[in-house]
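Novice: PDB, C-alpha atoms and all ligand atoms, saved as coords.pdb, coming up:
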ATOM      1  CA  MET N   1       1.381  16.872 -10.289  1.00  0.00           C
ATOM      2  CA  LYS N   2       0.035  16.040  -6.837  1.00  0.00           C
ATOM      3  CA  GLU N   3       2.084  13.871  -4.504  1.00  0.00           C
ATOM      4  CA  ARG N   4       2.011  10.122  -5.161  1.00  0.00           C
ATOM      5  CA  THR N   5       2.766   7.164  -2.919  1.00  0.00           C
ATOM      6  CA  LEU N   6       2.785   3.374  -3.032  1.00  0.00           C
ATOM      7  CA  LEU N   7       0.591   1.014  -1.035  1.00  0.00           C
ATOM      8  CA  LEU N   8       0.926  -2.771  -1.007  1.00  0.00           C
ATOM      9  CA  LEU N   9      -1.950  -4.836   0.344  1.00  0.00           C
ATOM     10  CA  LYS N  10       0.057  -7.732   1.743  1.00  0.00           C
ATOM     11  CA  PRO N  11      -0.901 -11.408   1.253  1.00  0.00           C
ATOM     12  CA  ASP N  12      -2.724 -11.527   4.606  1.00  0.00           C
ATOM     13  CA  ALA N  13      -5.038  -8.710   3.455  1.00  0.00           C
ATOM     14  CA  VAL N  14      -5.791 -10.515   0.175  1.00  0.00           C
ATOM     15  CA  GLN N  15      -6.320 -13.916   1.843  1.00  0.00           C
ATOM     16  CA  ARG N  16      -8.596 -12.414   4.501  1.00  0.00           C
ATOM     17  CA  GLY N  17     -10.823 -10.728   1.907  1.00  0.00           C
ATOM     18  CA  LEU N  18      -9.914  -7.200   2.972  1.00  0.00           C
ATOM     19  CA  ILE N  19      -9.016  -5.678  -0.423  1.00  0.00           C
ATOM     20  CA  GLY N  20     -12.194  -3.617  -0.815  1.00  0.00           C
ATOM     21  CA  GLU N  21     -12.330  -2.576   2.834  1.00  0.00           C
ATOM     22  CA  ILE N  22      -8.765  -1.253   2.722  1.00  0.00           C
ATOM     23  CA  VAL N  23      -8.934   0.477  -0.671  1.00  0.00           C
ATOM     24  CA  LEU N  24     -12.211   2.106   0.439  1.00  0.00           C
ATOM     25  CA  ARG N  25     -10.453   3.926   3.263  1.00  0.00           C
ATOM     26  CA  PHE N  26      -8.169   5.760   0.834  1.00  0.00           C
ATOM     27  CA  GLU N  27     -10.972   6.562  -1.609  1.00  0.00           C
ATOM     28  CA  ARG N  28     -13.139   7.824   1.243  1.00  0.00           C
ATOM     29  CA  LYS N  29     -10.323  10.130   2.368  1.00  0.00           C
ATOM     30  CA  GLY N  30     -10.331  11.666  -1.115  1.00  0.00           C
ATOM     31  CA  PHE N  31      -7.264  10.087  -2.674  1.00  0.00           C
ATOM     32  CA  LYS N  32      -7.214   9.229  -6.367  1.00  0.00           C
ATOM     33  CA  ILE N  33      -6.149   5.715  -7.385  1.00  0.00           C
ATOM     34  CA  VAL N  34      -3.734   6.123 -10.307  1.00  0.00           C
ATOM     35  CA  GLY N  35      -2.558   2.491 -10.534  1.00  0.00           C
ATOM     36  CA  LEU N  36      -3.799  -0.838  -9.189  1.00  0.00           C
ATOM     37  CA  LYS N  37      -2.829  -4.466  -9.846  1.00  0.00           C
ATOM     38  CA  MET N  38      -2.425  -7.950  -8.388  1.00  0.00           C
ATOM     39  CA  LEU N  39       0.974  -9.597  -8.543  1.00  0.00           C
ATOM     40  CA  LYS N  40       3.199 -12.069  -6.756  1.00  0.00           C
ATOM     41  CA  MET N  41       6.445 -10.673  -5.378  1.00  0.00           C
ATOM     42  CA  THR N  42       9.548 -12.604  -6.411  1.00  0.00           C
ATOM     43  CA  LYS N  43      12.324 -13.219  -3.880  1.00  0.00           C
ATOM     44  CA  GLU N  44      14.453 -10.704  -5.817  1.00  0.00           C
ATOM     45  CA  LEU N  45      11.742  -8.049  -5.592  1.00  0.00           C
ATOM     46  CA  ALA N  46      11.252  -8.767  -1.866  1.00  0.00           C
ATOM     47  CA  ARG N  47      14.997  -8.421  -1.239  1.00  0.00           C
ATOM     48  CA  GLU N  48      15.027  -5.076  -3.065  1.00  0.00           C
ATOM     49  CA  HIS N  49      11.876  -3.779  -1.387  1.00  0.00           C
ATOM     50  CA  TYR N  50      12.978  -4.860   2.104  1.00  0.00           C
ATOM     51  CA  ALA N  51      16.719  -4.190   1.593  1.00  0.00           C
ATOM     52  CA  HIS N  52      16.823  -2.381   4.956  1.00  0.00           C
ATOM     53  CA  LEU N  53      15.703  -5.609   6.700  1.00  0.00           C
ATOM     54  CA  VAL N  54      17.564  -8.371   4.842  1.00  0.00           C
ATOM     55  CA  SER N  55      20.091  -8.825   7.680  1.00  0.00           C
ATOM     56  CA  LYS N  56      17.390  -9.109  10.399  1.00  0.00           C
ATOM     57  CA  PRO N  57      16.673 -12.500  11.970  1.00  0.00           C
ATOM     58  CA  PHE N  58      13.006 -12.308  10.948  1.00  0.00           C
ATOM     59  CA  TYR N  59      13.802 -11.621   7.262  1.00  0.00           C
ATOM     60  CA  PRO N  60      13.505 -15.250   5.991  1.00  0.00           C
ATOM     61  CA  ASP N  61      10.006 -15.487   7.460  1.00  0.00           C
ATOM     62  CA  LEU N  62       9.084 -12.048   6.025  1.00  0.00           C
ATOM     63  CA  GLU N  63      10.336 -13.058   2.568  1.00  0.00           C
ATOM     64  CA  LYS N  64       8.366 -16.314   2.654  1.00  0.00           C
ATOM     65  CA  PHE N  65       5.235 -14.452   3.777  1.00  0.00           C
ATOM     66  CA  VAL N  66       5.336 -11.768   1.081  1.00  0.00           C
ATOM     67  CA  THR N  67       6.306 -14.077  -1.804  1.00  0.00           C
ATOM     68  CA  GLU N  68       4.053 -17.123  -1.273  1.00  0.00           C
ATOM     69  CA  ASN N  69       0.753 -15.458  -2.129  1.00  0.00           C
ATOM     70  CA  PRO N  70      -0.401 -12.513  -4.257  1.00  0.00           C
ATOM     71  CA  ILE N  71      -0.448  -8.901  -3.190  1.00  0.00           C
ATOM     72  CA  ILE N  72      -2.284  -5.821  -4.498  1.00  0.00           C
ATOM     73  CA  ALA N  73      -0.135  -2.840  -5.475  1.00  0.00           C
ATOM     74  CA  VAL N  74      -1.896   0.533  -5.405  1.00  0.00           C
ATOM     75  CA  ALA N  75      -0.461   3.879  -6.479  1.00  0.00           C
ATOM     76  CA  ILE N  76      -2.399   6.766  -5.042  1.00  0.00           C
ATOM     77  CA  GLU N  77      -2.284  10.506  -5.551  1.00  0.00           C
ATOM     78  CA  GLY N  78      -3.346  13.419  -3.408  1.00  0.00           C
ATOM     79  CA  LYS N  79      -2.296  16.208  -1.091  1.00  0.00           C
ATOM     80  CA  GLU N  80       0.457  15.075   1.299  1.00  0.00           C
ATOM     81  CA  ALA N  81      -0.185  11.506   0.178  1.00  0.00           C
ATOM     82  CA  VAL N  82       2.867  10.004   1.910  1.00  0.00           C
ATOM     83  CA  GLU N  83       2.203  11.461   5.340  1.00  0.00           C
ATOM     84  CA  VAL N  84      -1.569  11.028   5.279  1.00  0.00           C
ATOM     85  CA  THR N  85      -1.429   7.397   4.119  1.00  0.00           C
ATOM     86  CA  ARG N  86       1.067   6.533   6.870  1.00  0.00           C
ATOM     87  CA  THR N  87      -1.393   8.016   9.383  1.00  0.00           C
ATOM     88  CA  ILE N  88      -4.253   5.953   7.932  1.00  0.00           C
ATOM     89  CA  VAL N  89      -2.068   2.798   7.954  1.00  0.00           C
ATOM     90  CA  GLY N  90      -0.793   3.137  11.540  1.00  0.00           C
ATOM     91  CA  PRO N  91       2.524   2.102  13.124  1.00  0.00           C
ATOM     92  CA  THR N  92       4.527  -1.036  12.178  1.00  0.00           C
ATOM     93  CA  ASN N  93       3.710  -2.927  15.375  1.00  0.00           C
ATOM     94  CA  ALA N  94       0.019  -3.524  14.785  1.00  0.00           C
ATOM     95  CA  SER N  95      -0.527  -4.586  18.396  1.00  0.00           C
ATOM     96  CA  LYS N  96       0.245  -0.997  19.325  1.00  0.00           C
ATOM     97  CA  ALA N  97      -1.552   0.603  16.372  1.00  0.00           C
ATOM     98  CA  PRO N  98      -4.506   2.753  17.449  1.00  0.00           C
ATOM     99  CA  ALA N  99      -8.045   1.647  16.620  1.00  0.00           C
ATOM    100  CA  GLY N 100      -9.211   3.488  13.522  1.00  0.00           C
ATOM    101  CA  THR N 101      -5.938   2.879  11.686  1.00  0.00           C
ATOM    102  CA  ILE N 102      -5.860  -0.027   9.195  1.00  0.00           C
ATOM    103  CA  ARG N 103      -3.272  -1.957  11.199  1.00  0.00           C
ATOM    104  CA  GLY N 104      -5.066  -1.122  14.449  1.00  0.00           C
ATOM    105  CA  ASP N 105      -8.373  -2.378  13.098  1.00  0.00           C
ATOM    106  CA  PHE N 106      -7.233  -5.502  11.224  1.00  0.00           C
ATOM    107  CA  SER N 107      -4.032  -6.892  12.727  1.00  0.00           C
ATOM    108  CA  ASN N 108      -2.205  -7.508  15.969  1.00  0.00           C
ATOM    109  CA  SER N 109       1.030  -8.754  14.438  1.00  0.00           C
ATOM    110  CA  THR N 110       4.263  -6.931  13.625  1.00  0.00           C
ATOM    111  CA  SER N 111       4.996  -9.090  10.589  1.00  0.00           C
ATOM    112  CA  ARG N 112       1.465  -9.851   9.253  1.00  0.00           C
ATOM    113  CA  ASN N 113       0.417  -6.231   9.387  1.00  0.00           C
ATOM    114  CA  VAL N 114      -1.847  -6.109   6.311  1.00  0.00           C
ATOM    115  CA  ILE N 115      -0.408  -3.170   4.391  1.00  0.00           C
ATOM    116  CA  HIS N 116       2.746  -1.357   3.283  1.00  0.00           C
ATOM    117  CA  ALA N 117       2.944   2.383   2.631  1.00  0.00           C
ATOM    118  CA  SER N 118       6.006   4.326   1.458  1.00  0.00           C
ATOM    119  CA  ASP N 119       7.632   6.118   4.392  1.00  0.00           C
ATOM    120  CA  SER N 120       8.884   9.290   2.631  1.00  0.00           C
ATOM    121  CA  LYS N 121       8.576  11.156  -0.668  1.00  0.00           C
ATOM    122  CA  GLU N 122      12.043   9.883  -1.630  1.00  0.00           C
ATOM    123  CA  THR N 123      11.040   6.272  -0.863  1.00  0.00           C
ATOM    124  CA  ALA N 124       7.770   6.678  -2.787  1.00  0.00           C
ATOM    125  CA  ALA N 125       9.698   7.946  -5.830  1.00  0.00           C
ATOM    126  CA  LYS N 126      11.733   4.708  -5.803  1.00  0.00           C
ATOM    127  CA  GLU N 127       8.910   2.342  -4.849  1.00  0.00           C
ATOM    128  CA  ILE N 128       6.258   3.379  -7.399  1.00  0.00           C
ATOM    129  CA  PRO N 129       8.450   2.472 -10.420  1.00  0.00           C
ATOM    130  CA  ARG N 130       9.480  -0.738  -8.618  1.00  0.00           C
ATOM    131  CA  PHE N 131       5.884  -1.962  -8.948  1.00  0.00           C
ATOM    132  CA  PHE N 132       4.416   0.024 -11.875  1.00  0.00           C
ATOM    133  CA  LYS N 133       5.622   0.612 -15.419  1.00  0.00           C
ATOM    134  CA  PRO N 134       4.929   4.178 -16.656  1.00  0.00           C
ATOM    135  CA  HIS N 135       2.013   3.021 -18.851  1.00  0.00           C
ATOM    136  CA  GLU N 136       0.362   1.345 -15.841  1.00  0.00           C
ATOM    137  CA  LEU N 137      -0.099   4.727 -14.112  1.00  0.00           C
ATOM    138  CA  TYR N 138      -2.992   6.951 -15.207  1.00  0.00           C
ATOM    139  CA  ASP N 139      -3.783  10.658 -15.190  1.00  0.00           C
ATOM    140  CA  TYR N 140      -7.507  11.356 -15.129  1.00  0.00           C
ATOM    141  CA  SER N 141     -10.051  13.681 -13.525  1.00  0.00           C
ATOM    142  CA  MET N 142     -12.406  12.525 -10.808  1.00  0.00           C
ATOM    143  CA  ASN N 143     -15.954  12.792 -12.142  1.00  0.00           C
ATOM    144  CA  VAL N 144     -17.885  13.852  -9.057  1.00  0.00           C
ATOM    145  CA  GLU N 145     -20.183  16.510 -10.563  1.00  0.00           C
ATOM    146  CA  PRO N 146     -23.131  14.237 -11.535  1.00  0.00           C
ATOM    147  CA  PHE N 147     -23.530  13.200  -7.908  1.00  0.00           C
ATOM    148  CA  LEU N 148     -23.659  16.816  -6.781  1.00  0.00           C
ATOM    149  CA  CYS N 149     -25.882  18.166  -9.571  1.00  0.00           C
ATOM    150  CA  ALA N 150     -29.573  17.213  -9.300  1.00  0.00           C
ATOM    151  CA  SER N 151     -30.332  18.847 -12.694  1.00  0.00           C
ATOM    152  CA  ASP N 152     -28.596  15.871 -14.339  1.00  0.00           C
ATOM    153  CA  GLU N 153     -31.457  13.568 -13.235  1.00  0.00           C
TER     154      GLU N 153
HETATM  155  P1  LIG N 201       6.720  -0.274   7.958  1.00  0.00           P
HETATM  156  O1  LIG N 201       6.026  -1.355   7.162  1.00  0.00           O
HETATM  157  O2  LIG N 201       5.824   0.273   9.045  1.00  0.00           O
HETATM  158  O3  LIG N 201       7.312   0.828   7.102  1.00  0.00           O
HETATM  159  P2  LIG N 201       9.421  -1.350   8.286  1.00  0.00           P
HETATM  160  O4  LIG N 201      10.315  -1.126   9.462  1.00  0.00           O
HETATM  161  O5  LIG N 201       9.787  -0.707   6.999  1.00  0.00           O
HETATM  162  O6  LIG N 201       7.944  -0.951   8.743  1.00  0.00           O
HETATM  163  O7  LIG N 201       9.310  -2.923   8.090  1.00  0.00           O
HETATM  164  C1  LIG N 201       8.771  -3.464   6.905  1.00  0.00           C
HETATM  165  C2  LIG N 201       7.954  -4.678   7.253  1.00  0.00           C
HETATM  166  O8  LIG N 201       8.802  -5.703   7.805  1.00  0.00           O
HETATM  167  C3  LIG N 201       6.885  -4.466   8.325  1.00  0.00           C
HETATM  168  O9  LIG N 201       5.716  -3.865   7.837  1.00  0.00           O
HETATM  169  C4  LIG N 201       6.671  -5.881   8.807  1.00  0.00           C
HETATM  170  O10 LIG N 201       5.879  -6.634   7.881  1.00  0.00           O
HETATM  171  C5  LIG N 201       8.097  -6.445   8.804  1.00  0.00           C
HETATM  172  N1  LIG N 201       8.761  -6.218  10.111  1.00  0.00           N
HETATM  173  C6  LIG N 201       9.359  -5.081  10.544  1.00  0.00           C
HETATM  174  N2  LIG N 201       9.867  -5.231  11.789  1.00  0.00           N
HETATM  175  C7  LIG N 201       9.572  -6.516  12.148  1.00  0.00           C
HETATM  176  C8  LIG N 201       9.835  -7.289  13.341  1.00  0.00           C
HETATM  177  O11 LIG N 201      10.428  -6.834  14.319  1.00  0.00           O
HETATM  178  N3  LIG N 201       9.382  -8.575  13.328  1.00  0.00           N
HETATM  179  C9  LIG N 201       8.715  -9.127  12.265  1.00  0.00           C
HETATM  180  N4  LIG N 201       8.456  -8.442  11.141  1.00  0.00           N
HETATM  181  C10 LIG N 201       8.874  -7.152  11.064  1.00  0.00           C
HETATM  182 MG    MG N 202       8.862   0.694   5.725  1.00  0.00          MG
END
Let's see the structure in the file written out as structure tokens.
Specialist:
Amino acid sequence: MKERTLLLLKPDAVQRGLIGEIVLRFERKGFKIVGLKMLKMTKELAREHYAHLVSKPFYPDLEKFVTENPIIAVAIEGKEAVEVTRTIVGPTNASKAPAGTIRGDFSNSTSRNVIHASDSKETAAKEIPRFFKPHELYDYSMNVEPFLCASDE
């Protein structure tokens, strides 16, 4: 199986109407979407997902931000998915994120930075089942041939 990783379109992305724009960037790169859903993070889920930040002074604000409104969880599959998605997403501090990255193009905030992407293969292996049950992930082939084959017309 190809490498898989987890993306979360954070509440600011959903509320700003950026779902399609953001998902498009991963499809355009050639990644396959193998799971996709809207949900609201509970405080328990936020504390588990951001366990490495719970002791930080900004954590209460982060928890409020990610739990008050819905998010979109996306599981994607493709070659070097973890590394390539982190490149497409850009660095945590969106003010410093280069133009062309999602954070660079859509945010200038360190906390409201539009999107989460797993930071390693090990993290992805823990984060995908945190947001998707096994039956919510799909194996399928991309059907690109009809668009390349004029004889189908
Ligand atoms: P990442 O999202 O680039 O992997 P992490 O360090 O894992 O960065 O932080 C998770 C999330 O916590 C960030 O995306 C951001 O929303 C929030 N965050 C991280 N550092 C800060 C900070 O210094 N101030 C406010 N929010 C922060
Ligand atoms: Mg992180």
Novice: Once the PyMOL selection byres (((chain N and resi 124) around 10) and not hetatm) has been evaluated on this model, what residues remain selected, and can you format them as an NGL selection string?
Specialist: :N and (3-7 or 75 or 81-82 or 117-123 or 125-130)
Novice: Using only C-alpha atoms, please write the residues we just selected to a file, as a PDB file, in the coordinates of the input.
Specialist:
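Dumped to selection-v5.pdb:
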ATOM      1  CA  GLU N   3       2.084  13.871  -4.504  1.00  0.00           C
ATOM      2  CA  ARG N   4       2.011  10.122  -5.161  1.00  0.00           C
ATOM      3  CA  THR N   5       2.766   7.164  -2.919  1.00  0.00           C
ATOM      4  CA  LEU N   6       2.785   3.374  -3.032  1.00  0.00           C
ATOM      5  CA  LEU N   7       0.591   1.014  -1.035  1.00  0.00           C
ATOM      6  CA  ALA N  75      -0.461   3.879  -6.479  1.00  0.00           C
ATOM      7  CA  ALA N  81      -0.185  11.506   0.178  1.00  0.00           C
ATOM      8  CA  VAL N  82       2.867  10.004   1.910  1.00  0.00           C
ATOM      9  CA  ALA N 117       2.944   2.383   2.631  1.00  0.00           C
ATOM     10  CA  SER N 118       6.006   4.326   1.458  1.00  0.00           C
ATOM     11  CA  ASP N 119       7.632   6.118   4.392  1.00  0.00           C
ATOM     12  CA  SER N 120       8.884   9.290   2.631  1.00  0.00           C
ATOM     13  CA  LYS N 121       8.576  11.156  -0.668  1.00  0.00           C
ATOM     14  CA  GLU N 122      12.043   9.883  -1.630  1.00  0.00           C
ATOM     15  CA  THR N 123      11.040   6.272  -0.863  1.00  0.00           C
ATOM     16  CA  ALA N 125       9.698   7.946  -5.830  1.00  0.00           C
ATOM     17  CA  LYS N 126      11.733   4.708  -5.803  1.00  0.00           C
ATOM     18  CA  GLU N 127       8.910   2.342  -4.849  1.00  0.00           C
ATOM     19  CA  ILE N 128       6.258   3.379  -7.399  1.00  0.00           C
ATOM     20  CA  PRO N 129       8.450   2.472 -10.420  1.00  0.00           C
ATOM     21  CA  ARG N 130       9.480  -0.738  -8.618  1.00  0.00           C
TER      22      ARG N 130
END
Novice: Name the residues, by chain letter and number, that sit within 6 Å of ligand LIG 201 (chain N) using all atoms listed in the file, and give them as a list in words.
Specialist: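 Checking all atoms listed in the file against ligand LIG 201 (chain N) at 6 Å gives Phe58, Pro91, Thr92, Thr110, Ser111, Arg112, Asn113, His116 and Asp119 of chain N.
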Novice: Check the smallest atom-to-atom distance from each of N:Ile115, N:Val14, N:Tyr59, N:Leu36 to ligand MG 202 (chain N) using only C-alpha atoms and all ligand atoms, then report the winner.
Specialist: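 With only C-alpha atoms and all ligand atoms as the atom set, the closest residue is N:Ile115.
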Novice: Return as a ChimeraX atom specification the set of residues that the PyMOL selection byres (((chain N and resi 9) around 6) and not hetatm) yields on the displayed structure.
Specialist: /N:8,10,13,71-72,115
Novice: From the list N:Phe31, N:Tyr50, N:Phe132, N:Phe106, which residue is nearest ligand MG 202 (chain N) when using all atoms listed in the file?
Specialist: N:Tyr50
Novice: Could you please determine the separation between CA of Gly78 (chain N) and CA of Tyr138 (chain N) in Å, to one decimal place?
Specialist: 13.5 Å
Novice: Please evaluate the PyMOL selection byres (((chain N and resi 136) around 9) and not hetatm) against the structure above and give the resulting residues as a VMD selection string.
Specialist: chain N and resid 34 to 37 132 to 135 137 to 138
Novice: Enter the distance from CA of Leu24 (chain N) to CA of Lys40 (chain N), in Å, rounded to one decimal.
Specialist: 22.1 Å
Novice: Tell me which of N:Asn143, N:Thr85, N:Ser95, N:Thr67 sits closest to Ser107 (chain N), counting all atoms listed in the file.
Specialist: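 Nearest to Ser107 (chain N): N:Ser95.
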Novice: One number please: CA of Glu48 (chain N) to atom MG of ligand MG 202 (chain N), in Å, one decimal.
Specialist: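 Computing the Euclidean distance for CA of Glu48 (chain N) and atom MG of ligand MG 202 (chain N) yields 12.2 Å.
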Novice: Which one of N:Leu62, N:Ala73, N:Leu18, N:Val23 sits closest to Ile88 (chain N) if you count only C-alpha atoms?
Specialist: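 Closest residue, counting only C-alpha atoms: N:Val23.
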